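Asks: Before anything else, here's the structure in question.
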Amino acid sequence: MEFLPQFQLAPYTTWKIGGAADWAVQPTTVEEVQGACLWAKEKNLPITVISGGSNILVSDDGIVGLVILMNKLSGIANIQWKNNTLTCDCLAGTPKSELLKIFVKQRLSPAIFLAGLPGDVGGGVVMNAGIGHDIHPKEFCEITSWLEYVAWDEPNCPIVRVDGKEMKWSYRHTDGWGPGVIVRSGIHWQEEPQVDLLQRLKESNNRRIATQPLNMPSCGSVFKNPPGNKSGRLIEECGLKGFQIGGAQVSTLHGNFIVNTGAAKAADVMAVVQHVQKTVKEQKGILLEYEFKWFGRALK
Ligand SMILES: Cc1cc2nc3c(=O)[nH]c(=O)nc-3n(C[C@H](O)[C@H](O)[C@H](O)COP(=O)(O)OP(=O)(O)OC[C@H]3O[C@@H](n4cnc5c(N)ncnc54)[C@H](O)[C@@H]3O)c2cc1C
């Protein structure tokens, strides 16, 4: 396993923005994740975890310490039906699209919310990723049986297993595990195959294509939806669609997406984010909360 200095992170994010990690590593086994955590601990370096990079904004000045890139810890094992339940074990860096294929093949409902969700399974569990409208299931909390993480705070960085029922799931957030690196999770679904699954999948994909700027780099929704409301609608009602600073623009298609028009800096994105937040607070009285995670050195 190679520890790479001054590793450029922008290609590892869907926003295609950000500076370099002081150090980066791409483990391919669970043992290598443990080795990476021990390496950082010995050197007293902070650890940051990036998986699909589809919900993060990396500072233009990069990230201090070690970045563990999870995208090479990938694979699905033990796919089986037992007591009318489909189960499988996913390494954390497995693309969600690979898990999607299993549910599509079996014509099972989780395919609908997984379709079009970027990033990896580990990132999906951490973010409790899913879709807003009322379908069943609609989020990772409904399909995750357990997870295993490397506990970097404990001596020798052991692997700790947590049952899905012991975790605290909320809107775009998961608690009850960590701190550490999720390395594997158990996925299940217990309901009957759906005869109309492919048709519903097509409708769901078409909805995303029609409403989201999928041809431009972004992180998906920038703000969480406030209770009973939609951030995208509030932003649009404030006349902010198309608002731009530097290379960062509020999408003209979807108010809750900020797109990189080509050469956006993290500083541009943050300037747009703060302007949107301030304007919506002034006009609507609602303080929008970030959905994406900021990583790295503070902006000057
Ligand atoms: C076009 C587009 C559309 C999107 N649509 C949706 C949507 O409909 N619904 C939705 O919920 N999200 C959506 N997103 C956001 C994003 O795809 C999800 O939040 C996704 O689950 C993040 O997964 P990731 O692997 O990219 O995680 P990353 O962005 O790499 O990481 C996200 C967070 O999880 C942590 N993390 C990741 N992996 C691990 C691990 N193995 N161990 C410990 N911590 C870890 C990171 O440190 C970070 O804090 C969209 C994004 C884009 C670009």
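Ordering of the structure tokens sets the chain letters (A, B, ...), residue numbers begin anew at 1 in every chain, and ligands are numbered from 1 in the order given.
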Return as an MDAnalysis selection string the residues of protein, DNA or RNA that approach ligand 1 to within 7 Å, with only C-alpha atoms and all ligand atoms taken into account.

Replies: chainID A and resid 14 48:56 70 92:93 116:131 172 180:183 214 218:221 293

Asks: Based on the backbone DSSP call, show me all residues of region 27-219 of chain A assigned helix (DSSP H, G or I), as a compact mmCIF listing (two decimals) with C-alpha atoms, in the first residue's frame.

Replies:
# COMPACT_ATOMS: atom_id res chain seq x y z
CA VAL A 30 -10.02 -4.26 5.12
CA GLU A 31 -6.60 -5.03 6.61
CA GLU A 32 -5.10 -2.22 4.53
CA VAL A 33 -7.70 0.19 5.93
CA GLN A 34 -6.56 -0.84 9.42
CA GLY A 35 -2.91 -0.38 8.33
CA ALA A 36 -3.68 3.09 6.98
CA CYS A 37 -5.35 4.13 10.26
CA LEU A 38 -2.38 2.83 12.28
CA TRP A 39 0.05 4.71 9.98
CA ALA A 40 -1.81 7.97 10.57
CA LYS A 41 -2.07 7.37 14.33
CA GLU A 42 1.68 6.78 14.63
CA LYS A 96 -24.27 2.00 -5.40
CA SER A 97 -24.86 1.18 -9.05
CA GLU A 98 -23.49 -2.35 -8.42
CA LEU A 99 -25.95 -2.87 -5.55
CA LEU A 100 -28.68 -1.48 -7.80
CA LYS A 101 -27.96 -4.21 -10.37
CA ILE A 102 -28.69 -6.93 -7.79
CA PHE A 103 -32.03 -5.40 -6.84
CA VAL A 104 -32.96 -4.89 -10.50
CA LYS A 105 -32.10 -8.50 -11.34
CA PRO A 110 -34.91 -0.79 -3.27
CA ALA A 111 -33.85 -0.43 -6.92
CA ILE A 112 -36.15 2.59 -7.22
CA PHE A 113 -34.45 4.78 -4.61
CA LEU A 114 -30.96 3.53 -5.51
CA VAL A 121 -22.47 2.04 -0.46
CA GLY A 122 -20.40 3.28 2.54
CA GLY A 123 -21.17 6.90 1.69
CA GLY A 124 -24.83 5.96 1.30
CA VAL A 125 -24.93 4.47 4.80
CA VAL A 126 -23.12 7.46 6.38
CA MET A 127 -25.48 9.94 4.69
CA PHE A 140 -30.44 3.33 3.29
CA CYS A 141 -31.74 2.88 6.86
CA GLU A 142 -34.44 0.56 5.47
CA GLY A 164 -28.58 -1.58 12.00
CA LYS A 165 -31.24 -1.46 14.74
CA GLU A 166 -28.71 -0.02 17.22
CA LEU A 197 -40.32 -2.62 -11.28
CA LEU A 198 -38.69 -1.85 -14.64
CA GLN A 199 -41.47 0.57 -15.58
CA ARG A 200 -41.18 2.40 -12.22
CA LEU A 201 -37.42 2.52 -12.61
CA LYS A 202 -37.76 4.13 -16.02
CA GLU A 203 -40.16 6.75 -14.63
CA SER A 204 -37.79 7.49 -11.74
CA ASN A 205 -34.79 7.88 -14.09
CA ASN A 206 -36.78 10.13 -16.42
CA ARG A 207 -37.79 12.32 -13.45
CA ARG A 208 -34.12 12.82 -12.50
CA ILE A 209 -33.05 13.55 -16.08
CA ALA A 210 -35.84 16.13 -16.49
CA THR A 211 -35.29 17.93 -13.18

Asks: So which residues of region 126-240 of chain A fall under strand (DSSP E or B) by DSSP, listed as a ChimeraX atom specification?

Replies: /A:130,139,144-150,159-163,168-170,173-175,181-189,223

Asks: With distances taken over only C-alpha atoms, which of A:Pro46, A:Gly228, A:Pro213, A:Pro155 is nearest to Gly132 (chain A)?

Replies: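 Under the stated criterion, the closest residue is A:Gly228.
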
Asks: Between A:Gly178, A:Gly242, A:Gly262, A:Gly255, which is the closest to Val162 (chain A) once you count only C-alpha atoms?

Replies: A:Gly178

Asks: Between CA of Lys241 (chain A) and CA of His133 (chain A), what is the distance, to one decimal in Å?

Replies: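 Value for the CA of Lys241 (chain A)-CA of His133 (chain A) distance: 22.5 Å.
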
Asks: Considering only C-alpha atoms, state which residue in the set A:Glu148, A:Glu291, A:Asp89, A:Asp60 is at the smallest distance from Trp177 (chain A).

Replies: A:Glu148

Asks: Got a sec: who's within 8 Å of Val25 (chain A), counting only C-alpha atoms, leaving out chain neighbours fewer than 2 positions off, as a ChimeraX atom specification?

Replies: /A:1-4,23,27,36,66-69

Asks: Between A:Val64, A:Ala10, A:Ala266, A:Leu91, which has the minimum distance to Tyr149 (chain A) (counting only C-alpha atoms)?

Replies: A:Leu91

Asks: Tell me, in Å to one decimal, how far CA of Ala263 (chain A) is from CA of Leu299 (chain A).

Replies: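 Computing it gives 17.3 Å between the two atoms.
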
Asks: With only C-alpha atoms as the basis for distance, which of A:Val273, A:Ile245, A:Val58, A:Leu253 is at the shortest distance from Asn215 (chain A)?

Replies: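 Once distances to Asn215 (chain A) are computed over only C-alpha atoms, the minimum belongs to A:Leu253.
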
Asks: Work out how far apart CA of Gln6 (chain A) and CA of Gly62 (chain A) are and give it in Å to one decimal.

Replies: 8.8 Å

Asks: Could you check the closest approach to Trp152 (chain A) for each of A:Ala115, A:Ala20, A:Leu45, A:Met270 and tell me which residue wins, using only C-alpha atoms?

Replies: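 Looking only at the distances to Trp152 (chain A), the closest residue turns out to be A:Leu45.
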